[in-house]
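Student: To be precise about what I am sending: the file is called start_0.cif and holds mmCIF, C-alpha atoms.
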data_upload
loop_
_atom_site.label_atom_id
_atom_site.label_comp_id
_atom_site.auth_asym_id
_atom_site.auth_seq_id
_atom_site.Cartn_x
_atom_site.Cartn_y
_atom_site.Cartn_z
CA MET A 1 0.00 0.00 0.00
CA ARG A 2 1.70 3.20 -1.18
CA GLY A 3 0.52 6.59 -0.09
CA ILE A 4 1.30 10.09 -1.25
CA ALA A 5 0.64 13.51 0.20
CA ILE A 6 -0.22 16.11 -2.43
CA VAL A 7 0.62 19.63 -1.29
CA PRO A 8 -0.37 22.49 -3.60
CA ALA A 9 1.59 25.64 -2.80
CA HIS A 10 1.71 29.15 -4.20
CA ASN A 11 4.25 31.49 -2.59
CA GLU A 12 4.36 29.54 0.66
CA ALA A 13 8.11 29.87 1.33
CA GLY A 14 7.33 30.77 4.95
CA ALA A 15 5.33 27.62 5.67
CA ILE A 16 6.22 24.88 3.17
CA GLY A 17 9.33 23.56 4.93
CA GLY A 18 7.44 23.12 8.20
CA VAL A 19 4.48 21.47 6.47
CA ILE A 20 6.70 18.86 4.81
CA ALA A 21 8.70 18.26 7.98
CA GLU A 22 5.44 17.66 9.87
CA ILE A 23 4.15 15.21 7.26
CA ARG A 24 7.41 13.29 7.28
CA ALA A 25 7.52 13.26 11.07
CA PHE A 26 3.96 11.95 11.14
CA ASP A 27 4.59 9.13 8.67
CA PRO A 28 8.01 8.65 7.04
CA GLY A 29 6.48 6.10 4.64
CA LEU A 30 4.23 8.71 3.08
CA ASP A 31 5.77 10.25 -0.03
CA VAL A 32 5.26 13.97 -0.48
CA VAL A 33 4.81 15.84 -3.75
CA VAL A 34 4.61 19.62 -3.75
CA ILE A 35 2.90 21.23 -6.71
CA ASP A 36 4.50 24.64 -6.96
CA ASP A 37 1.85 26.72 -8.69
CA GLY A 38 4.08 29.32 -10.32
CA SER A 39 5.51 30.74 -7.10
CA SER A 40 7.78 33.76 -7.34
CA ASP A 41 9.47 32.99 -4.04
CA ALA A 42 11.66 30.06 -2.93
CA THR A 43 8.76 27.64 -2.32
CA ALA A 44 10.08 25.01 -4.77
CA GLU A 45 13.67 25.10 -3.50
CA LEU A 46 12.60 24.90 0.14
CA ALA A 47 10.21 22.02 -0.61
CA ALA A 48 12.95 20.07 -2.40
CA ALA A 49 15.37 20.78 0.46
CA ALA A 50 12.79 19.41 2.91
CA GLY A 51 12.77 16.15 0.96
CA ALA A 52 9.63 16.43 -1.16
CA ALA A 53 9.26 15.69 -4.85
CA VAL A 54 8.52 19.01 -6.51
CA VAL A 55 6.46 19.60 -9.65
CA ARG A 56 6.93 23.19 -10.81
CA LEU A 57 4.17 24.59 -12.94
CA PRO A 58 5.53 27.10 -15.47
CA PHE A 59 2.92 29.66 -14.46
CA ASN A 60 0.07 30.01 -12.01
CA LEU A 61 -2.81 27.67 -12.87
CA GLY A 62 -4.89 28.33 -9.80
CA ILE A 63 -5.64 25.81 -7.07
CA GLY A 64 -7.78 23.55 -9.30
CA GLY A 65 -5.10 23.07 -11.95
CA ALA A 66 -2.39 22.62 -9.32
CA VAL A 67 -4.28 19.98 -7.36
CA GLN A 68 -5.21 18.10 -10.53
CA THR A 69 -1.52 17.99 -11.43
CA GLY A 70 -0.98 16.27 -8.09
CA PHE A 71 -3.62 13.63 -8.89
CA MET A 72 -1.98 13.07 -12.30
CA TYR A 73 1.34 12.55 -10.51
CA ALA A 74 -0.27 10.07 -8.09
CA LEU A 75 -1.90 8.17 -10.96
CA ARG A 76 1.25 8.09 -13.06
CA HIS A 77 3.29 6.71 -10.18
CA GLY A 78 0.70 4.14 -9.16
CA TYR A 79 -0.13 5.30 -5.65
CA ASP A 80 -2.99 3.51 -3.87
CA VAL A 81 -3.95 6.35 -1.54
CA ALA A 82 -3.55 10.10 -1.93
CA VAL A 83 -4.06 12.72 0.74
CA ARG A 84 -4.22 16.40 0.04
CA LEU A 85 -2.96 19.07 2.43
CA ASP A 86 -2.65 22.77 1.78
CA GLY A 87 0.81 24.30 1.66
CA ASP A 88 0.01 27.02 4.19
CA GLY A 89 0.04 24.71 7.20
CA GLN A 90 -3.64 24.94 8.17
CA HIS A 91 -4.03 21.16 7.80
CA ASP A 92 -2.52 19.24 10.70
CA PRO A 93 -0.87 15.96 9.58
CA THR A 94 -1.63 14.34 12.95
CA GLU A 95 -5.29 14.42 11.85
CA LEU A 96 -4.47 12.31 8.78
CA PRO A 97 -5.35 8.90 10.31
CA LYS A 98 -8.99 10.03 10.62
CA LEU A 99 -9.02 10.67 6.86
CA ILE A 100 -7.00 7.67 5.71
CA ALA A 101 -8.59 4.97 7.91
CA PRO A 102 -12.01 4.93 6.16
CA VAL A 103 -10.28 4.74 2.77
CA LEU A 104 -8.10 1.83 3.89
CA ARG A 105 -11.13 0.05 5.35
CA GLY A 106 -12.86 0.44 1.99
CA GLU A 107 -15.72 2.44 3.50
CA ALA A 108 -15.32 5.44 1.24
CA ASP A 109 -13.60 6.44 -1.99
CA ILE A 110 -13.00 9.99 -0.82
CA VAL A 111 -12.89 11.27 2.76
CA VAL A 112 -13.14 14.98 3.47
CA GLY A 113 -12.03 16.56 6.73
CA SER A 114 -14.75 18.91 7.91
CA ARG A 115 -14.27 21.84 10.26
CA PHE A 116 -17.98 21.97 11.02
CA ALA A 117 -19.09 18.36 11.40
CA GLU A 118 -18.70 18.86 15.15
CA THR A 119 -19.84 22.16 16.59
CA ARG A 120 -17.45 22.22 19.53
CA ASP A 121 -14.62 22.96 17.12
CA GLY A 122 -12.82 26.22 17.75
CA TYR A 123 -12.89 27.58 14.21
CA ARG A 124 -15.48 30.33 13.69
CA PRO A 125 -15.16 32.19 10.40
CA PRO A 126 -16.45 35.76 9.92
CA LEU A 127 -20.18 36.23 9.35
CA ALA A 128 -20.16 36.69 5.56
CA ARG A 129 -17.96 33.65 5.09
CA ARG A 130 -20.14 31.65 7.44
CA ALA A 131 -23.20 32.57 5.36
CA GLY A 132 -21.43 31.44 2.19
CA ILE A 133 -20.35 28.18 3.81
CA ARG A 134 -23.94 27.54 5.00
CA PHE A 135 -25.34 28.32 1.55
CA PHE A 136 -23.03 25.91 -0.25
CA ALA A 137 -23.40 23.25 2.43
CA GLY A 138 -27.17 23.42 1.97
CA LEU A 139 -27.05 23.44 -1.83
CA VAL A 140 -24.51 20.62 -2.04
CA SER A 141 -26.33 18.49 0.56
CA LEU A 142 -29.46 18.86 -1.58
CA LEU A 143 -27.66 17.92 -4.78
CA VAL A 144 -25.85 14.88 -3.40
CA ARG A 145 -28.71 13.78 -1.08
CA GLN A 146 -26.25 13.39 1.77
CA ARG A 147 -25.44 15.74 4.62
CA VAL A 148 -22.31 17.72 3.85
CA THR A 149 -21.08 20.41 6.26
CA ASP A 150 -17.78 21.63 4.84
CA THR A 151 -17.78 21.92 1.05
CA THR A 152 -14.64 24.05 0.82
CA SER A 153 -12.28 21.79 2.71
CA GLY A 154 -9.13 20.82 0.83
CA PHE A 155 -8.12 18.34 3.55
CA GLN A 156 -8.95 15.03 1.87
CA ALA A 157 -7.94 11.41 1.34
CA LEU A 158 -8.75 9.42 -1.80
CA ASN A 159 -8.36 5.88 -3.06
CA ARG A 160 -7.48 4.93 -6.63
CA LEU A 161 -11.01 5.52 -7.90
CA GLY A 162 -10.89 9.07 -6.58
CA ILE A 163 -7.43 9.67 -8.00
CA ARG A 164 -8.49 8.39 -11.43
CA LEU A 165 -11.61 10.55 -11.49
CA PHE A 166 -9.85 13.75 -10.47
CA ALA A 167 -6.90 13.11 -12.78
CA ALA A 168 -9.44 12.96 -15.64
CA ASP A 169 -11.52 15.96 -14.62
CA TYR A 170 -11.22 18.50 -11.87
CA PRO A 171 -12.97 21.87 -11.60
CA HIS A 172 -11.08 25.10 -12.17
CA ASP A 173 -10.80 28.23 -10.03
CA TYR A 174 -12.43 27.24 -6.73
CA PRO A 175 -12.70 23.49 -7.12
CA GLU A 176 -13.73 21.90 -3.81
CA VAL A 177 -17.47 22.61 -3.87
CA GLU A 178 -17.95 21.34 -7.41
CA ALA A 179 -15.64 18.40 -6.81
CA THR A 180 -17.84 17.27 -3.90
CA VAL A 181 -20.85 17.06 -6.21
CA MET A 182 -18.78 15.47 -8.98
CA VAL A 183 -17.68 12.66 -6.67
CA VAL A 184 -21.22 11.64 -5.80
CA ARG A 185 -22.49 12.04 -9.38
CA HIS A 186 -19.81 9.59 -10.48
CA ARG A 187 -21.11 7.13 -7.88
CA LEU A 188 -18.06 7.37 -5.67
CA ARG A 189 -18.66 7.11 -1.93
CA LEU A 190 -18.08 10.37 -0.07
CA LEU A 191 -17.52 10.52 3.67
CA GLU A 192 -17.03 13.53 5.90
CA VAL A 193 -15.12 13.23 9.14
CA PRO A 194 -14.65 15.96 11.74
CA VAL A 195 -11.13 17.37 11.96
CA ARG A 196 -9.49 20.34 13.60
CA MET A 197 -7.79 22.88 11.40
CA ARG A 198 -5.35 25.57 12.40
CA GLU A 199 -5.46 29.26 11.66
CA ARG A 200 -3.19 30.07 8.75
CA GLU A 201 0.12 31.55 9.86
CA HIS A 202 1.29 32.94 6.53
CA GLY A 203 -0.43 34.49 3.53
CA THR A 204 -4.09 35.32 3.13
CA SER A 205 -7.16 33.39 2.03
CA SER A 206 -7.57 33.18 -1.72
CA ILE A 207 -11.16 34.32 -1.29
CA SER A 208 -11.94 37.87 -0.17
CA GLY A 209 -13.67 41.08 -1.23
CA LEU A 210 -14.89 41.22 -4.84
CA GLY A 211 -13.43 37.77 -5.34
CA SER A 212 -16.05 36.28 -3.05
CA ALA A 213 -18.91 37.62 -5.20
CA TYR A 214 -17.30 36.01 -8.22
CA TYR A 215 -16.72 32.86 -6.18
CA VAL A 216 -20.39 32.52 -5.18
CA LEU A 217 -21.68 33.26 -8.70
CA LYS A 218 -19.20 31.01 -10.48
CA VAL A 219 -19.61 28.04 -8.16
CA THR A 220 -23.41 28.29 -8.04
CA LEU A 221 -23.55 28.42 -11.84
CA ALA A 222 -21.18 25.48 -12.15
CA LEU A 223 -23.16 23.43 -9.62
CA LEU A 224 -26.51 24.03 -11.31
CA VAL A 225 -25.22 23.47 -14.85
CA GLY A 226 -23.15 20.53 -13.61
CA ILE A 227 -26.32 18.54 -12.85
CA PHE A 228 -26.99 18.32 -16.57
CA ARG A 229 -23.44 17.40 -17.56
CA ARG A 230 -22.44 14.07 -18.96
CA ARG A 231 -20.21 11.97 -16.72
CA VAL A 232 -16.52 11.75 -17.53
CA THR A 233 -14.60 8.49 -17.80
CA PRO A 234 -12.01 8.14 -15.05
CA LEU A 235 -8.47 7.81 -16.42
CA GLU A 236 -7.10 4.28 -16.62
CA GLU A 237 -4.05 3.46 -14.61
CA ALA A 238 -0.73 3.74 -16.39
CA MET G 1 -43.50 54.10 -25.56
CA THR G 2 -41.68 50.95 -26.64
CA PRO G 3 -43.67 49.01 -29.25
CA LEU G 4 -44.95 45.72 -27.81
CA ARG G 5 -43.54 43.75 -30.71
CA VAL G 6 -40.02 45.14 -30.06
CA SER G 7 -40.31 44.06 -26.43
CA ILE G 8 -41.39 40.56 -27.38
CA VAL G 9 -38.70 40.02 -30.01
CA ALA G 10 -35.97 41.47 -27.78
CA SER G 11 -37.09 39.27 -24.86
CA ILE G 12 -36.99 36.15 -27.01
CA ALA G 13 -33.52 37.06 -28.28
CA SER G 14 -32.26 37.60 -24.72
CA VAL G 15 -33.66 34.27 -23.54
CA LEU G 16 -32.05 32.55 -26.53
CA LEU G 17 -28.69 34.12 -25.66
CA ILE G 18 -28.96 32.88 -22.06
CA LEU G 19 -29.96 29.36 -23.16
CA ILE G 20 -27.15 29.12 -25.69
CA VAL G 21 -24.58 30.21 -23.08
CA LEU G 22 -25.92 27.65 -20.57
CA GLU G 23 -25.75 24.87 -23.16
CA LEU G 24 -22.17 25.85 -24.04
CA ILE G 25 -21.20 25.59 -20.36
CA ARG G 26 -22.98 22.26 -20.00
CA SER G 27 -21.18 20.75 -22.98
CA ARG G 28 -17.86 22.12 -21.65
CA ARG G 29 -17.23 24.37 -24.63
CA LEU G 30 -17.39 27.48 -22.43
CA ARG G 31 -15.96 27.84 -18.95
CA GLU G 32 -18.02 29.46 -16.21
CA ARG G 33 -15.32 32.11 -15.85
CA TYR G 34 -15.96 33.40 -19.36
CA ALA G 35 -19.71 32.82 -19.30
CA LEU G 36 -20.62 35.11 -16.39
CA LEU G 37 -20.29 38.30 -18.43
CA TRP G 38 -22.43 36.83 -21.21
CA LEU G 39 -25.08 35.76 -18.71
CA ALA G 40 -25.07 39.26 -17.21
CA THR G 41 -25.53 40.68 -20.71
CA GLY G 42 -28.46 38.37 -21.41
CA SER G 43 -30.10 39.03 -18.03
CA VAL G 44 -29.87 42.83 -18.25
CA LEU G 45 -31.18 42.84 -21.82
CA LEU G 46 -34.01 40.51 -20.82
CA VAL G 47 -35.06 42.75 -17.94
CA LEU G 48 -34.96 45.90 -20.10
CA SER G 49 -36.84 44.15 -22.92
CA ALA G 50 -39.62 42.74 -20.80
CA TRP G 51 -40.02 45.64 -18.37
CA ARG G 52 -41.28 48.28 -20.77
CA GLY G 53 -42.01 50.94 -18.17
CA GLY G 54 -38.44 50.67 -16.91
CA LEU G 55 -37.01 51.04 -20.40
CA ASN G 56 -39.09 54.18 -20.94
CA THR G 57 -37.97 55.65 -17.62
CA ILE G 58 -34.29 55.01 -18.38
CA ALA G 59 -34.76 56.47 -21.88
CA GLY G 60 -36.18 59.57 -20.20
CA TRP G 61 -33.16 59.83 -17.85
CA VAL G 62 -30.64 59.75 -20.68
CA GLY G 63 -32.70 62.10 -22.90
CA ILE G 64 -34.03 59.67 -25.49
CA SER G 65 -37.65 60.74 -25.99
CA THR G 66 -38.37 59.61 -29.54
CA TYR G 67 -37.47 55.91 -29.48
CA PRO G 68 -36.90 54.17 -26.09
CA PRO G 69 -35.65 50.86 -27.62
CA ALA G 70 -32.47 52.77 -28.58
CA VAL G 71 -31.53 52.25 -24.91
CA LEU G 72 -31.48 48.50 -25.61
CA PHE G 73 -28.91 49.04 -28.37
CA ALA G 74 -26.81 51.30 -26.16
CA VAL G 75 -26.81 48.80 -23.28
CA ALA G 76 -26.03 45.90 -25.62
CA ILE G 77 -23.11 47.84 -27.10
CA VAL G 78 -21.70 48.64 -23.66
CA PHE G 79 -21.82 44.97 -22.68
CA ILE G 80 -20.26 43.84 -25.96
CA LEU G 81 -17.43 46.33 -25.39
CA LEU G 82 -16.95 44.93 -21.88
CA VAL G 83 -16.82 41.36 -23.20
CA LEU G 84 -14.32 42.35 -25.90
CA LEU G 85 -12.12 44.18 -23.43
CA HIS G 86 -12.22 41.17 -21.12
CA TYR G 87 -11.24 38.91 -24.02
CA SER G 88 -8.34 41.20 -24.91
CA THR G 89 -6.92 40.78 -21.43
CA VAL G 90 -7.49 37.02 -21.62
CA ILE G 91 -5.75 36.78 -24.99
CA SER G 92 -2.80 38.75 -23.66
CA ARG G 93 -2.45 36.37 -20.74
CA LEU G 94 -2.79 33.32 -23.00
CA SER G 95 -0.07 34.54 -25.37
CA ASP G 96 2.25 35.17 -22.42
CA GLU G 97 1.59 31.66 -21.14
CA THR G 98 2.04 30.08 -24.59
CA MET G 99 5.41 31.79 -24.89
CA ILE G 100 6.50 30.46 -21.50
CA LEU G 101 5.39 26.94 -22.48
CA ALA G 102 7.31 27.08 -25.78
CA GLN G 103 10.43 28.29 -24.00
CA ARG G 104 10.16 25.56 -21.37
CA VAL G 105 9.68 22.83 -24.00
CA ALA G 106 12.66 24.09 -26.02
CA LEU G 107 14.89 24.14 -22.93
CA LEU G 108 13.73 20.63 -21.94
CA GLU G 109 14.43 19.33 -25.47
CA GLU G 110 17.92 20.75 -25.36
CA GLN G 111 18.51 19.12 -21.99
CA ALA G 112 17.06 15.79 -23.24
CA ALA G 113 19.30 15.89 -26.33
CA ARG G 114 22.38 16.44 -24.18
CA GLU G 115 21.37 13.49 -21.99
CA GLY G 116 21.01 11.28 -25.08
CA GLU G 117 17.23 11.14 -25.17
CA PRO G 118 15.66 11.17 -28.63
CA VAL G 119 14.34 14.60 -29.49
CA SER G 120 10.73 14.77 -30.63
CA PRO G 121 10.53 14.98 -34.44
CA ARG G 122 9.53 18.25 -36.07
#
Can you give me the file's structure in the form of C-alpha cells?
Tutor:
Amino acid sequence: MRGIAIVPAHNEAGAIGGVIAEIRAFDPGLDVVVIDDGSSDATAELAAAAGAAVVRLPFNLGIGGAVQTGFMYALRHGYDVAVRLDGDGQHDPTELPKLIAPVLRGEADIVVGSRFAETRDGYRPPLARRAGIRFFAGLVSLLVRQRVTDTTSGFQALNRLGIRLFAADYPHDYPEVEATVMVVRHRLRLLEVPVRMREREHGTSSISGLGSAYYVLKVTLALLVGIFRRRVTPLEEA
Amino acid sequence: MTPLRVSIVASIASVLLILIVLELIRSRRLRERYALLWLATGSVLLVLSAWRGGLNTIAGWVGISTYPPAVLFAVAIVFILLVLLHYSTVISRLSDETMILAQRVALLEEQAAREGEPVSPR
C-alpha cells in the first residue's frame, strides 16, 4: 500500500518547509509531492530541500489546476492512496489517520475533513464567510442527497477511484465545492469526518472582497449546470 | 413608448442568448469564468426588454424621448465592449503563457538531447 501527500503551494516559502517536515515526522512512509503553482518565491527550492518531490508549474494555474496535477502525478506513479494538504500549514498531519482509515477500510472512496461536522470545534469564520459556507453546504447536501457540512475543505484522502476521477476531470478556479458534487455524481462514496484545522500563519485566504462575489456566482452556476453534464470516464491506470 | 412587438422580439432574443450560453457551459465548450459576463448581458437585456415601463424611464433619464428601444442598443453595445475588453486581457495572458510553455519545451528538449534522449521529431 503506497501513499502520497499532495501539497499544492503558491508562494508559501514561509510555511512549506514546516508542512513537509510535519508530514514526514507523522509518517516517514508517506511520499510527499509539492505542486508549486508558479511561485515567485523560494517555495520550490525549500520544498525540495525538505525532501519532497517538486512539480513546478511554469505559471500560475490556480488551485484547481495545481491539485489536478498532483492527482496526475499520483496516478502516473501508481499510488494507492492520496491525501491532500494545503501548503500554508492549516491542515494538521496528525489528523491524517482520521481521513485515511475509512479509505483503507474500503468504507469510502474519498474522505473529506470537515471543520464543522462537530460544533465544539474552535474555528469560527467571519459572518459573511459563514453565510457562504452555509449556503453551499445546503445546496450541495441537496444535490448529493447526503449531509455535507464543509464543502470548501481541501483536507482530503482518496483511493485509486478518486485519483483516477480527479486526474481525468477537476474543476477550475475554486474546485472543492464542485468536486464534492462530482464525486457523488460519479457514484463514488463520499464521507465527511470531523477534523481540527489551524489558523493560517502565513499568507491570506484566496477568497476575499470582490473575489467572493465572483466565487459565489461562479460556483453556483457550475453546480446548477453541472447537474446536466455528462459523466466523464475516469483515467485508466498507467 | 416601446412598441410591444419590439419588447417581445428582444425578450426572445435575450432568452435565446442565455440558453445558448448555458448549453455551451454544459457541454464544456465554455468555462463558467468566461460565461458570467455573457449571462449578465443576457439578463440585463431581458429585464430591459420585458419591463417596458423601466425602459421608458431610463430612456427619459438619458434624454431619449423619440425611441426608447435605442436604450437597448446602447446597453447591448456597452456589454459587448466589456466582453471584448475582457477577451483582450485574456488573450494577452494566453499569449504570455504560450510563450512560457514554448520556451520551457525548447529548454527541456535541449537538456534531453544532451542526456542522449531522442528529441521529438519536427
Student: Please, which residues in chain A fall within 7 Å of chain G when counting all atoms listed in the file, and what is the closest atom pair and distance in Å to one decimal for each, ordered by chain then residue number, as a tab-separated table?
Tutor:
residue	atom	partner	partner_atom	distance
A:Pro58	CA	G:Ile100	CA	7.0
A:Lys218	CA	G:Glu32	CA	6.1
A:Ala222	CA	G:Glu32	CA	6.5
A:Val225	CA	G:Arg26	CA	5.7
A:Gly226	CA	G:Arg26	CA	6.6
A:Phe228	CA	G:Arg26	CA	6.6
A:Arg229	CA	G:Arg26	CA	5.5
Student: Could the residues in this selection be saved with C-alpha atoms as a PDB file, in the frame of the given file?
Tutor:
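And here's again17.pdb as it stands now:
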ATOM      1  CA  PRO A  58       5.530  27.100 -15.470  1.00  0.00           C
ATOM      2  CA  LYS A 218     -19.200  31.010 -10.480  1.00  0.00           C
ATOM      3  CA  ALA A 222     -21.180  25.480 -12.150  1.00  0.00           C
ATOM      4  CA  VAL A 225     -25.220  23.470 -14.850  1.00  0.00           C
ATOM      5  CA  GLY A 226     -23.150  20.530 -13.610  1.00  0.00           C
ATOM      6  CA  PHE A 228     -26.990  18.320 -16.570  1.00  0.00           C
ATOM      7  CA  ARG A 229     -23.440  17.400 -17.560  1.00  0.00           C
TER       8      ARG A 229
END
Student: Any idea what the distance is between CA of Arg84 (chain A) and CA of Ala48 (chain A)?
Tutor: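 Rounded to one decimal, the two atoms are 17.7 Å apart.
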Student: So which residues touch Val148 (chain A) within 7 Å, counting only C-alpha atoms, skipping near sequence neighbours fewer than 6 positions away, as a compact mmCIF listing (two decimals) with C-alpha atoms, in the coordinates of the input?
Tutor:
# COMPACT_ATOMS: atom_id res chain seq x y z
CA ALA A 137 -23.40 23.25 2.43
CA VAL A 140 -24.51 20.62 -2.04
CA SER A 141 -26.33 18.49 0.56
Student: Extract, using only C-alpha atoms, all DNA, RNA and protein residues at most 9 Å from Asn159 (chain A), discarding same-chain residues fewer than 5 positions from it, and format them as a PyMOL selection string.
Tutor: chain A and resi 79-83+103-104+106+108-110+164
Student: So how many Å separate CA of Leu81 (chain G) and CA of Thr41 (chain G), to one decimal?
Tutor: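 Result for CA of Leu81 (chain G) versus CA of Thr41 (chain G): 10.9 Å, one decimal.
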Student: Using the chain letters and residue numbers of this document, give as an MDAnalysis selection string the residues selected by the PyMOL selection byres ((chain G and resi 7-10) around 10).
Tutor: chainID G and resid 2:6 11:16 45:52 55 69 72
Student: Residues as selected, C-alpha atoms, written as a PDB file, in the coordinates of the input, can you do that?
Tutor:
ATOM      1  CA  THR G   2     -41.680  50.950 -26.640  1.00  0.00           C
ATOM      2  CA  PRO G   3     -43.670  49.010 -29.250  1.00  0.00           C
ATOM      3  CA  LEU G   4     -44.950  45.720 -27.810  1.00  0.00           C
ATOM      4  CA  ARG G   5     -43.540  43.750 -30.710  1.00  0.00           C
ATOM      5  CA  VAL G   6     -40.020  45.140 -30.060  1.00  0.00           C
ATOM      6  CA  SER G  11     -37.090  39.270 -24.860  1.00  0.00           C
ATOM      7  CA  ILE G  12     -36.990  36.150 -27.010  1.00  0.00           C
ATOM      8  CA  ALA G  13     -33.520  37.060 -28.280  1.00  0.00           C
ATOM      9  CA  SER G  14     -32.260  37.600 -24.720  1.00  0.00           C
ATOM     10  CA  VAL G  15     -33.660  34.270 -23.540  1.00  0.00           C
ATOM     11  CA  LEU G  16     -32.050  32.550 -26.530  1.00  0.00           C
ATOM     12  CA  LEU G  45     -31.180  42.840 -21.820  1.00  0.00           C
ATOM     13  CA  LEU G  46     -34.010  40.510 -20.820  1.00  0.00           C
ATOM     14  CA  VAL G  47     -35.060  42.750 -17.940  1.00  0.00           C
ATOM     15  CA  LEU G  48     -34.960  45.900 -20.100  1.00  0.00           C
ATOM     16  CA  SER G  49     -36.840  44.150 -22.920  1.00  0.00           C
ATOM     17  CA  ALA G  50     -39.620  42.740 -20.800  1.00  0.00           C
ATOM     18  CA  TRP G  51     -40.020  45.640 -18.370  1.00  0.00           C
ATOM     19  CA  ARG G  52     -41.280  48.280 -20.770  1.00  0.00           C
ATOM     20  CA  LEU G  55     -37.010  51.040 -20.400  1.00  0.00           C
ATOM     21  CA  PRO G  69     -35.650  50.860 -27.620  1.00  0.00           C
ATOM     22  CA  LEU G  72     -31.480  48.500 -25.610  1.00  0.00           C
TER      23      LEU G  72
END
Student: Might you spell out which residues the PyMOL selection byres ((chain A and resi 17-25) around 12) would select in the displayed file, as a PyMOL selection string?
Tutor: chain A and resi 3-9+12-16+26-34+42-54+83-97+200-202
Student: Let me make sure I understand: among A:Lys98, A:Arg134, A:Arg185, A:Arg76, which one has the smallest atom-to-atom distance to Arg230 (chain A) if we use all atoms listed in the file?
Tutor: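 Residue with the minimum atom-to-atom distance to Arg230 (chain A): A:Arg185.
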Student: Under the rule that all atoms listed in the file are counted, which of G:Val21, G:Leu30, G:Val44, G:Val105 is the nearest residue to Val78 (chain G)?
Tutor: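 Of the candidates, the smallest distance to Val78 (chain G) is held by G:Val44.
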Student: Quick one: residues within 9 Å of Val62 (chain G), all atoms listed in the file counted, chain neighbours fewer than 4 positions away excluded, as a tab-separated table (two decimals) with C-alpha atoms, in the frame of the given file?
Tutor:
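The file below, around.tsv, is the result:
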chain	number	residue	atom	x	y	z
G	57	THR	CA	-37.97	55.65	-17.62
G	58	ILE	CA	-34.29	55.01	-18.38
G	71	VAL	CA	-31.53	52.25	-24.91
Student: Run the PyMOL selection byres ((chain A and resi 111) around 6) on the file and write out the hits as a PyMOL selection string.
Tutor: chain A and resi 99+110+112+156-157+190-192
Student: Can you complete the atoms of region 91-105 of chain G to N, CA and C atoms and list them as a compact mmCIF listing (two decimals), in the frame of the given file?
Tutor:
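Saved as out-v2.txt:
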# COMPACT_ATOMS: atom_id res chain seq x y z
N ILE G 91 -6.65 37.14 -23.90
CA ILE G 91 -5.75 36.78 -24.99
C ILE G 91 -4.31 37.16 -24.65
N SER G 92 -4.15 38.32 -24.04
CA SER G 92 -2.80 38.75 -23.66
C SER G 92 -2.18 37.74 -22.70
N ARG G 93 -2.98 37.32 -21.71
CA ARG G 93 -2.45 36.37 -20.74
C ARG G 93 -2.12 35.05 -21.42
N LEU G 94 -3.02 34.60 -22.32
CA LEU G 94 -2.79 33.32 -23.00
C LEU G 94 -1.52 33.37 -23.85
N SER G 95 -1.27 34.51 -24.53
CA SER G 95 -0.07 34.54 -25.37
C SER G 95 1.19 34.56 -24.50
N ASP G 96 1.12 35.23 -23.36
CA ASP G 96 2.25 35.17 -22.42
C ASP G 96 2.52 33.73 -22.00
N GLU G 97 1.44 33.03 -21.65
CA GLU G 97 1.59 31.66 -21.14
C GLU G 97 2.07 30.72 -22.24
N THR G 98 1.58 30.92 -23.48
CA THR G 98 2.04 30.08 -24.59
C THR G 98 3.53 30.26 -24.80
N MET G 99 3.98 31.52 -24.70
CA MET G 99 5.41 31.79 -24.89
C MET G 99 6.23 31.05 -23.82
N ILE G 100 5.78 31.14 -22.57
CA ILE G 100 6.50 30.46 -21.50
C ILE G 100 6.55 28.95 -21.76
N LEU G 101 5.42 28.38 -22.20
CA LEU G 101 5.39 26.94 -22.48
C LEU G 101 6.37 26.58 -23.58
N ALA G 102 6.40 27.36 -24.67
CA ALA G 102 7.31 27.08 -25.78
C ALA G 102 8.75 27.14 -25.31
N GLN G 103 9.06 28.15 -24.50
CA GLN G 103 10.43 28.29 -24.00
C GLN G 103 10.81 27.10 -23.12
N ARG G 104 9.88 26.70 -22.24
CA ARG G 104 10.16 25.56 -21.37
C ARG G 104 10.39 24.28 -22.17
N VAL G 105 9.54 24.04 -23.19
CA VAL G 105 9.68 22.83 -24.00
C VAL G 105 11.03 22.85 -24.72
